[in-house]
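Since the structure comes first, as structure tokens, the remarks are kept for the end.
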Amino acid sequence: MDDFIIAGKRYSSRLLVGTGKYKDFNETRTAIEASGAQIITVAIRRTNIGQSPSEPNLLDILPPTQYTLLPNTAGCYTADEAIRTLRLARELLDGHSLVKLEVLGDAKTLFPNVVETIRAAEILVKENFQVMVYTSDDPIVAKQLEEIGCVAIMPLASLIGSGMGILNPWNLQIIIDNTQVPVLVDAGVGTASDAAIAMELGCDGILTNTAIACAQNPILMAQAMRKAVEAGREAYLAGRMAKKLYSASPSSPAEGILPAQAK
């Protein structure tokens, strides 16, 4: 599959995965290995990457030498909270600049607060963070975030953790068609077919956590997601056949067919 470039760095996998909700660190590591993902998101406010020396450290099982860590601001409800969180992440990770920004609007839906998201993005970009940003599927907001200087736009497919799949493919298509930086579906993917559909639309990648971690067999689901992202990308590059309403077309050519024998 063709390579995927984020903030100037080349990756072979277009599947990004999270590290939350697994039963233990061993399952986390095994599932991520099965997914083939190279970029791993880490919720700084919920996961120890050095801020709690007495607790197990995620970096022991997912070392930065093998994976690109993507610190995120899950659980932040204001721009100021998100900015402080990512400044801490940069300090803990020795100047690491690639981050995922998300500023939530409320605790029930986890829908993004786009006003606070835009404000945080403006400040973080000025501080030389490379910002991948979680947002709504509003094409105007997506374009604003690109113009601010975000390195990737990450619209939701449906609510975080809902598993409802892609509820508005039309808005996603508009964002994809009008954005010059990578577009990745973030939130709402429930199973492999959701990932494949997003990739067939032309998304550059998929970020998922709950769909893998909360599957009955997370390792098997991780493998399925990897294959779905690859298949969806190949289908997009291949270019699907045109849809023909009320018009059938035989799969084999009709020319040269022998006439039916009269009885």
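Chain labels follow the order of the structure tokens: the first chain is A, the next B, and so on; residue numbering restarts at 1 in every chain, and ligands are counted from 1 in their shown order.
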Counting only C-alpha atoms, give me one row per residue of stretch 168-223 of chain A with an atom at most 12 Å from an atom of stretch 37-43 of chain A, showing the shortest contact pair and its distance in Å to one decimal, sorted by chain then residue number, as a Markdown table.
```
| residue | atom | partner | partner_atom | distance |
| --- | --- | --- | --- | --- |
| A:Asp186 | CA | A:Thr41 | CA | 11.4 |
| A:Gly205 | CA | A:Ala37 | CA | 10.8 |
| A:Ile206 | CA | A:Ala37 | CA | 10.3 |
| A:Leu207 | CA | A:Thr41 | CA | 8.7 |
| A:Thr208 | CA | A:Thr41 | CA | 9.4 |
| A:Asn209 | CA | A:Thr41 | CA | 8.8 |
| A:Ala222 | CA | A:Ala37 | CA | 9.3 |
| A:Gln223 | CA | A:Ala37 | CA | 10.2 |
```
Take the selection from the previous step and output its residues with all heavy atoms, as a PDB file, in the first residue's frame.
```pdb
ATOM      1  N   ASP A 186     -11.857   9.983  13.035  1.00  0.00           N
ATOM      2  CA  ASP A 186     -11.557   9.804  14.450  1.00  0.00           C
ATOM      3  C   ASP A 186     -12.877   9.746  15.207  1.00  0.00           C
ATOM      4  O   ASP A 186     -13.632  10.707  15.195  1.00  0.00           O
ATOM      5  CB  ASP A 186     -10.710  10.985  14.947  1.00  0.00           C
ATOM      6  CG  ASP A 186     -10.377  10.892  16.418  1.00  0.00           C
ATOM      7  OD1 ASP A 186     -10.575   9.828  17.008  1.00  0.00           O
ATOM      8  OD2 ASP A 186      -9.907  11.904  16.969  1.00  0.00           O
ATOM      9  N   GLY A 205      -6.566   8.058   6.643  1.00  0.00           N
ATOM     10  CA  GLY A 205      -6.295   7.104   7.704  1.00  0.00           C
ATOM     11  C   GLY A 205      -7.458   7.008   8.666  1.00  0.00           C
ATOM     12  O   GLY A 205      -8.462   7.726   8.548  1.00  0.00           O
ATOM     13  N   ILE A 206      -7.308   6.115   9.624  1.00  0.00           N
ATOM     14  CA  ILE A 206      -8.339   5.850  10.635  1.00  0.00           C
ATOM     15  C   ILE A 206      -7.681   5.841  12.004  1.00  0.00           C
ATOM     16  O   ILE A 206      -6.605   5.251  12.179  1.00  0.00           O
ATOM     17  CB  ILE A 206      -8.993   4.468  10.414  1.00  0.00           C
ATOM     18  CG1 ILE A 206      -9.624   4.358   9.028  1.00  0.00           C
ATOM     19  CG2 ILE A 206     -10.014   4.153  11.515  1.00  0.00           C
ATOM     20  CD1 ILE A 206     -10.829   5.234   8.823  1.00  0.00           C
ATOM     21  N   LEU A 207      -8.336   6.464  12.968  1.00  0.00           N
ATOM     22  CA  LEU A 207      -7.917   6.317  14.359  1.00  0.00           C
ATOM     23  C   LEU A 207      -9.031   5.616  15.116  1.00  0.00           C
ATOM     24  O   LEU A 207     -10.189   6.052  15.078  1.00  0.00           O
ATOM     25  CB  LEU A 207      -7.641   7.681  15.005  1.00  0.00           C
ATOM     26  CG  LEU A 207      -7.406   7.668  16.511  1.00  0.00           C
ATOM     27  CD1 LEU A 207      -6.240   6.790  16.899  1.00  0.00           C
ATOM     28  CD2 LEU A 207      -7.208   9.070  17.048  1.00  0.00           C
ATOM     29  N   THR A 208      -8.698   4.523  15.786  1.00  0.00           N
ATOM     30  CA  THR A 208      -9.699   3.819  16.575  1.00  0.00           C
ATOM     31  C   THR A 208      -9.080   3.265  17.846  1.00  0.00           C
ATOM     32  O   THR A 208      -7.891   2.947  17.879  1.00  0.00           O
ATOM     33  CB  THR A 208     -10.375   2.689  15.763  1.00  0.00           C
ATOM     34  OG1 THR A 208     -11.449   2.133  16.513  1.00  0.00           O
ATOM     35  CG2 THR A 208      -9.381   1.586  15.411  1.00  0.00           C
ATOM     36  N   ASN A 209      -9.887   3.170  18.871  1.00  0.00           N
ATOM     37  CA  ASN A 209      -9.465   2.581  20.131  1.00  0.00           C
ATOM     38  C   ASN A 209     -10.530   1.628  20.648  1.00  0.00           C
ATOM     39  O   ASN A 209     -10.326   0.418  20.739  1.00  0.00           O
ATOM     40  CB  ASN A 209      -9.166   3.681  21.155  1.00  0.00           C
ATOM     41  CG  ASN A 209      -8.701   3.149  22.500  1.00  0.00           C
ATOM     42  OD1 ASN A 209      -8.670   3.886  23.467  1.00  0.00           O
ATOM     43  ND2 ASN A 209      -8.332   1.891  22.611  1.00  0.00           N
ATOM     44  N   ALA A 222      -8.130  -6.265  16.001  1.00  0.00           N
ATOM     45  CA  ALA A 222      -6.996  -5.449  15.556  1.00  0.00           C
ATOM     46  C   ALA A 222      -6.508  -5.904  14.185  1.00  0.00           C
ATOM     47  O   ALA A 222      -6.211  -5.078  13.314  1.00  0.00           O
ATOM     48  CB  ALA A 222      -5.863  -5.520  16.582  1.00  0.00           C
ATOM     49  N   GLN A 223      -6.447  -7.200  13.979  1.00  0.00           N
ATOM     50  CA  GLN A 223      -6.035  -7.743  12.683  1.00  0.00           C
ATOM     51  C   GLN A 223      -7.059  -7.372  11.604  1.00  0.00           C
ATOM     52  O   GLN A 223      -6.698  -7.002  10.481  1.00  0.00           O
ATOM     53  CB  GLN A 223      -5.899  -9.257  12.768  1.00  0.00           C
ATOM     54  CG  GLN A 223      -4.785  -9.735  13.675  1.00  0.00           C
ATOM     55  CD  GLN A 223      -4.765 -11.244  13.836  1.00  0.00           C
ATOM     56  OE1 GLN A 223      -5.660 -11.947  13.351  1.00  0.00           O
ATOM     57  NE2 GLN A 223      -3.774 -11.758  14.525  1.00  0.00           N
TER      58      GLN A 223
END
```
*Mind checking which residues fall within 8 Å of A:Lys100, counting only C-alpha atoms, ignoring those fewer than 6 positions away in the same chain, and posting them as a count of residues only?*
9
*Just asking: which residues within stretch 18-240 of chain A are strand (DSSP E) according to DSSP, as a count of residues only?*
32
*Given the choices A:Leu98, A:Leu172, A:Leu92, A:Leu167, which gets closest to A:Cys150 if the distance is worked out from only C-alpha atoms?*
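Looking only at the distances to A:Cys150, the closest residue turns out to be A:Leu98.
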*asked:* Just want the 7 Å neighbourhood of A:Asp3, counted on only C-alpha atoms, with same-chain residues fewer than 4 positions away dropped. Output as a list in words.
replied: Arg10, Tyr11 and Ser12 of chain A
Can you spit out the residues from that selection as a PDB file, in the first residue's frame, using C-alpha atoms?
```
ATOM      1  CA  ARG A  10       6.484   8.592   6.220  1.00  0.00           C
ATOM      2  CA  TYR A  11       4.514   5.613   7.578  1.00  0.00           C
ATOM      3  CA  SER A  12       3.466   2.345   5.974  1.00  0.00           C
TER       4      SER A  12
END
```
*Could you pull the residues within 9 Å of A:Ala120, counting only C-alpha atoms, minus those fewer than 4 positions along the same chain, as a list in words?*
Thr78, Ala79, Asp80, Ala82, Ile83, Leu101, Val103, Val115, Glu116, Leu124 and Val125 of chain A
*For A:Ala89, which residue among A:Ala121, A:Asp138, A:Phe129, A:Ala7 is the nearest when counting only C-alpha atoms?*
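Looking at the shortest contact to A:Ala89, the residue is A:Phe129.
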If we count only C-alpha atoms and set the cut-off at 12 Å, which residues sit around A:Glu234, ignoring sequence neighbours fewer than 2 positions away in its own chain? Please answer as a compact mmCIF listing (two decimals) with all heavy atoms, in the first residue's frame.
```txt
# COMPACT_ATOMS: atom_id res chain seq x y z
N MET A 1 0.84 -1.19 0.00
CA MET A 1 0.00 0.00 0.00
C MET A 1 0.88 1.25 0.00
O MET A 1 1.97 1.24 0.55
CB MET A 1 -0.91 -0.02 1.23
CG MET A 1 -2.02 1.01 1.21
SD MET A 1 -3.33 0.65 2.39
CE MET A 1 -2.44 0.69 3.93
N ASP A 2 0.39 2.33 -0.64
CA ASP A 2 1.19 3.55 -0.72
C ASP A 2 1.42 4.15 0.67
O ASP A 2 0.60 4.02 1.57
CB ASP A 2 0.48 4.56 -1.63
CG ASP A 2 -0.91 4.92 -1.13
OD1 ASP A 2 -1.63 4.02 -0.64
OD2 ASP A 2 -1.27 6.09 -1.23
N ASP A 3 2.53 4.81 0.82
CA ASP A 3 2.90 5.33 2.13
C ASP A 3 2.03 6.52 2.54
O ASP A 3 1.44 7.22 1.73
CB ASP A 3 4.37 5.75 2.12
CG ASP A 3 5.31 4.56 2.13
OD1 ASP A 3 4.85 3.47 2.47
OD2 ASP A 3 6.48 4.73 1.77
N ARG A 14 -1.74 3.07 7.75
CA ARG A 14 -2.70 4.17 7.84
C ARG A 14 -3.68 3.98 8.99
O ARG A 14 -4.66 4.71 9.10
CB ARG A 14 -3.45 4.32 6.52
CG ARG A 14 -2.55 4.79 5.38
CD ARG A 14 -3.26 4.78 4.04
NE ARG A 14 -2.38 5.29 3.00
CZ ARG A 14 -2.29 6.56 2.63
NH1 ARG A 14 -3.06 7.46 3.21
NH2 ARG A 14 -1.45 6.93 1.69
N ALA A 196 -13.26 0.38 6.46
CA ALA A 196 -13.14 0.22 5.01
C ALA A 196 -13.94 1.29 4.27
O ALA A 196 -13.46 1.86 3.28
CB ALA A 196 -13.61 -1.18 4.60
N ILE A 197 -15.15 1.58 4.74
CA ILE A 197 -15.98 2.60 4.09
C ILE A 197 -15.31 3.96 4.14
O ILE A 197 -15.26 4.70 3.15
CB ILE A 197 -17.38 2.65 4.74
CG1 ILE A 197 -18.16 1.38 4.37
CG2 ILE A 197 -18.14 3.89 4.30
CD1 ILE A 197 -19.44 1.21 5.16
N MET A 199 -12.15 4.63 4.35
CA MET A 199 -11.00 4.64 3.45
C MET A 199 -11.45 4.70 1.99
O MET A 199 -10.82 5.35 1.16
CB MET A 199 -10.13 3.42 3.70
CG MET A 199 -9.49 3.35 5.08
SD MET A 199 -8.48 4.79 5.50
CE MET A 199 -7.15 4.63 4.30
N GLU A 200 -12.54 4.03 1.65
CA GLU A 200 -13.05 4.07 0.29
C GLU A 200 -13.52 5.48 -0.09
O GLU A 200 -13.46 5.86 -1.26
CB GLU A 200 -14.20 3.07 0.13
CG GLU A 200 -13.74 1.62 0.12
CD GLU A 200 -14.90 0.63 0.14
OE1 GLU A 200 -16.06 1.08 0.00
OE2 GLU A 200 -14.65 -0.57 0.30
N LEU A 201 -13.97 6.25 0.90
CA LEU A 201 -14.37 7.63 0.63
C LEU A 201 -13.17 8.51 0.27
O LEU A 201 -13.34 9.57 -0.32
CB LEU A 201 -15.06 8.22 1.87
CG LEU A 201 -16.49 7.78 2.15
CD1 LEU A 201 -16.94 8.31 3.51
CD2 LEU A 201 -17.44 8.25 1.06
N GLY A 202 -11.98 8.06 0.68
CA GLY A 202 -10.78 8.83 0.41
C GLY A 202 -10.08 9.35 1.64
O GLY A 202 -9.15 10.15 1.53
N CYS A 203 -10.53 8.92 2.83
CA CYS A 203 -9.81 9.31 4.05
C CYS A 203 -8.38 8.81 3.98
O CYS A 203 -8.11 7.75 3.41
CB CYS A 203 -10.50 8.72 5.28
SG CYS A 203 -12.00 9.57 5.75
N ASP A 204 -7.47 9.57 4.57
CA ASP A 204 -6.06 9.18 4.56
C ASP A 204 -5.72 8.16 5.63
O ASP A 204 -4.69 7.48 5.53
CB ASP A 204 -5.19 10.42 4.75
CG ASP A 204 -5.32 11.38 3.58
OD1 ASP A 204 -4.70 11.11 2.53
OD2 ASP A 204 -6.06 12.37 3.69
N LYS A 227 -6.54 -5.07 8.09
CA LYS A 227 -6.90 -5.52 6.75
C LYS A 227 -7.94 -4.62 6.10
O LYS A 227 -7.90 -4.35 4.90
CB LYS A 227 -7.41 -6.96 6.82
CG LYS A 227 -6.36 -7.97 7.25
CD LYS A 227 -6.97 -9.34 7.50
CE LYS A 227 -5.94 -10.33 8.03
NZ LYS A 227 -6.55 -11.63 8.39
N ALA A 228 -8.90 -4.13 6.91
CA ALA A 228 -9.96 -3.27 6.37
C ALA A 228 -9.40 -1.95 5.87
O ALA A 228 -9.81 -1.45 4.81
CB ALA A 228 -11.01 -3.03 7.45
N VAL A 229 -8.48 -1.37 6.62
CA VAL A 229 -7.87 -0.11 6.21
C VAL A 229 -7.08 -0.31 4.91
O VAL A 229 -7.16 0.51 3.98
CB VAL A 229 -6.98 0.45 7.32
CG1 VAL A 229 -6.11 1.61 6.82
CG2 VAL A 229 -7.83 0.92 8.50
N GLU A 230 -6.35 -1.40 4.83
CA GLU A 230 -5.58 -1.68 3.61
C GLU A 230 -6.51 -1.91 2.42
O GLU A 230 -6.29 -1.36 1.33
CB GLU A 230 -4.69 -2.90 3.83
CG GLU A 230 -3.57 -2.65 4.84
CD GLU A 230 -2.78 -3.91 5.15
OE1 GLU A 230 -3.16 -5.00 4.66
OE2 GLU A 230 -1.79 -3.81 5.90
N ALA A 231 -7.58 -2.70 2.62
CA ALA A 231 -8.51 -3.00 1.52
C ALA A 231 -9.25 -1.74 1.09
O ALA A 231 -9.44 -1.49 -0.11
CB ALA A 231 -9.50 -4.07 1.95
N GLY A 232 -9.67 -0.93 2.04
CA GLY A 232 -10.39 0.30 1.71
C GLY A 232 -9.52 1.26 0.93
O GLY A 232 -9.98 1.91 -0.01
N TYR A 236 -10.13 2.52 -2.95
CA TYR A 236 -10.16 3.94 -3.31
C TYR A 236 -9.20 4.22 -4.46
O TYR A 236 -9.55 4.91 -5.42
CB TYR A 236 -9.80 4.79 -2.09
CG TYR A 236 -9.54 6.24 -2.41
CD1 TYR A 236 -10.58 7.11 -2.72
CD2 TYR A 236 -8.23 6.74 -2.42
CE1 TYR A 236 -10.33 8.44 -3.03
CE2 TYR A 236 -7.97 8.06 -2.72
CZ TYR A 236 -9.02 8.90 -3.03
OH TYR A 236 -8.77 10.21 -3.33
N LEU A 237 -7.98 3.70 -4.37
CA LEU A 237 -6.99 3.93 -5.41
C LEU A 237 -7.41 3.27 -6.73
O LEU A 237 -7.12 3.80 -7.80
CB LEU A 237 -5.63 3.40 -4.96
CG LEU A 237 -4.97 4.13 -3.78
CD1 LEU A 237 -3.69 3.41 -3.37
CD2 LEU A 237 -4.68 5.59 -4.12
N ALA A 238 -8.07 2.13 -6.63
CA ALA A 238 -8.50 1.41 -7.83
C ALA A 238 -9.61 2.17 -8.56
O ALA A 238 -9.69 2.14 -9.80
CB ALA A 238 -8.98 0.01 -7.46
N GLY A 239 -10.46 2.85 -7.81
CA GLY A 239 -11.58 3.58 -8.43
C GLY A 239 -12.74 2.64 -8.68
O GLY A 239 -12.66 1.79 -9.58
N ARG A 240 -13.79 2.79 -7.91
CA ARG A 240 -14.93 1.87 -8.06
C ARG A 240 -15.67 2.11 -9.38
O ARG A 240 -15.61 3.20 -9.96
CB ARG A 240 -15.89 2.00 -6.89
CG ARG A 240 -16.61 3.34 -6.76
CD ARG A 240 -17.91 3.20 -5.95
NE ARG A 240 -18.87 2.38 -6.64
CZ ARG A 240 -19.67 1.49 -6.05
NH1 ARG A 240 -19.64 1.31 -4.76
NH2 ARG A 240 -20.54 0.79 -6.75
```
_Taking only C-alpha atoms into account, name the residue in A:Ile140, A:Ala198, A:Cys214, A:Leu159 that is nearest to A:Glu27._
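Among the listed residues, the smallest separation from A:Glu27 belongs to A:Cys214.
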*asked:* With distances taken over only C-alpha atoms, which residue among A:Gly95, A:Pro218, A:Gly36, A:Gly165 lies nearest A:Ser13?
replied: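 Ranked by minimum distance to A:Ser13, first place goes to A:Gly36.
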*Enumerate, as a list in words, the complete set of residues in stretch 20-106 of chain A that a backbone-based DSSP assignment places in helix (DSSP H, G or I).*
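Selecting the helix (DSSP H, G or I) positions of stretch 20-106 of chain A gives Phe25, Asn26, Glu27, Thr28, Arg29, Thr30, Ala31, Ile32, Glu33, Ala34, Ser35, Leu58, Leu59, Asp60, Ala79, Asp80, Glu81, Ala82, Ile83, Arg84, Thr85, Leu86, Arg87, Leu88, Ala89, Arg90, Glu91 and Leu92 of chain A.
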Could you write out the selected residues, including C-alpha atoms, as a PDB file, in the first residue's frame?
```pdb
ATOM      1  CA  PHE A  25      -0.668  -3.675  29.387  1.00  0.00           C
ATOM      2  CA  ASN A  26       0.002  -7.122  27.924  1.00  0.00           C
ATOM      3  CA  GLU A  27      -3.270  -7.066  25.956  1.00  0.00           C
ATOM      4  CA  THR A  28      -2.506  -3.492  24.905  1.00  0.00           C
ATOM      5  CA  ARG A  29       0.858  -4.483  23.464  1.00  0.00           C
ATOM      6  CA  THR A  30      -0.433  -7.629  21.733  1.00  0.00           C
ATOM      7  CA  ALA A  31      -3.378  -5.838  20.110  1.00  0.00           C
ATOM      8  CA  ILE A  32      -1.227  -2.980  18.863  1.00  0.00           C
ATOM      9  CA  GLU A  33       1.284  -5.403  17.392  1.00  0.00           C
ATOM     10  CA  ALA A  34      -1.573  -7.216  15.629  1.00  0.00           C
ATOM     11  CA  SER A  35      -2.921  -3.944  14.234  1.00  0.00           C
ATOM     12  CA  LEU A  58       3.281   2.589  29.113  1.00  0.00           C
ATOM     13  CA  LEU A  59       6.637   3.401  27.524  1.00  0.00           C
ATOM     14  CA  ASP A  60       8.042   0.152  28.905  1.00  0.00           C
ATOM     15  CA  ALA A  79      -8.392  25.298  25.488  1.00  0.00           C
ATOM     16  CA  ASP A  80      -6.286  26.138  28.537  1.00  0.00           C
ATOM     17  CA  GLU A  81      -6.524  22.565  29.890  1.00  0.00           C
ATOM     18  CA  ALA A  82      -5.537  21.125  26.530  1.00  0.00           C
ATOM     19  CA  ILE A  83      -2.585  23.478  26.107  1.00  0.00           C
ATOM     20  CA  ARG A  84      -1.228  22.705  29.588  1.00  0.00           C
ATOM     21  CA  THR A  85      -1.599  18.982  28.965  1.00  0.00           C
ATOM     22  CA  LEU A  86       0.360  19.066  25.711  1.00  0.00           C
ATOM     23  CA  ARG A  87       3.085  21.243  27.177  1.00  0.00           C
ATOM     24  CA  LEU A  88       3.498  18.578  29.893  1.00  0.00           C
ATOM     25  CA  ALA A  89       3.596  15.839  27.240  1.00  0.00           C
ATOM     26  CA  ARG A  90       6.327  17.655  25.336  1.00  0.00           C
ATOM     27  CA  GLU A  91       8.366  17.905  28.524  1.00  0.00           C
ATOM     28  CA  LEU A  92       7.874  14.230  29.405  1.00  0.00           C
TER      29      LEU A  92
END
```
*Could you name the residues that touch A:Thr191 at 8 Å or less, counting only C-alpha atoms, but leaving out those on the same chain fewer than 4 positions away, as a ChimeraX atom specification?*
/A:163,165,195,211,221,225
Those residues you just picked out, can you put them in a file as a compact mmCIF listing (two decimals), in the first residue's frame with N, CA, C and O atoms?
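again_37.txt was written with the following content:
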```
# COMPACT_ATOMS: atom_id res chain seq x y z
N GLY A 163 -19.45 3.45 18.39
CA GLY A 163 -19.46 2.34 17.45
C GLY A 163 -20.54 2.44 16.39
O GLY A 163 -20.89 1.44 15.74
N GLY A 165 -20.46 3.98 13.55
CA GLY A 165 -19.98 4.04 12.18
C GLY A 165 -20.12 5.43 11.58
O GLY A 165 -20.29 6.43 12.28
N ALA A 195 -14.31 1.08 8.97
CA ALA A 195 -12.98 1.56 8.57
C ALA A 195 -12.81 1.48 7.05
O ALA A 195 -12.28 2.40 6.43
N ALA A 211 -13.22 0.35 19.39
CA ALA A 211 -13.65 -0.76 18.53
C ALA A 211 -12.75 -1.98 18.68
O ALA A 211 -13.20 -3.12 18.57
N MET A 221 -9.79 -8.45 16.35
CA MET A 221 -10.35 -7.22 15.79
C MET A 221 -9.23 -6.30 15.30
O MET A 221 -9.38 -5.61 14.28
N MET A 225 -9.10 -4.80 11.57
CA MET A 225 -9.00 -3.37 11.27
C MET A 225 -7.83 -3.08 10.34
O MET A 225 -7.94 -2.26 9.42
```
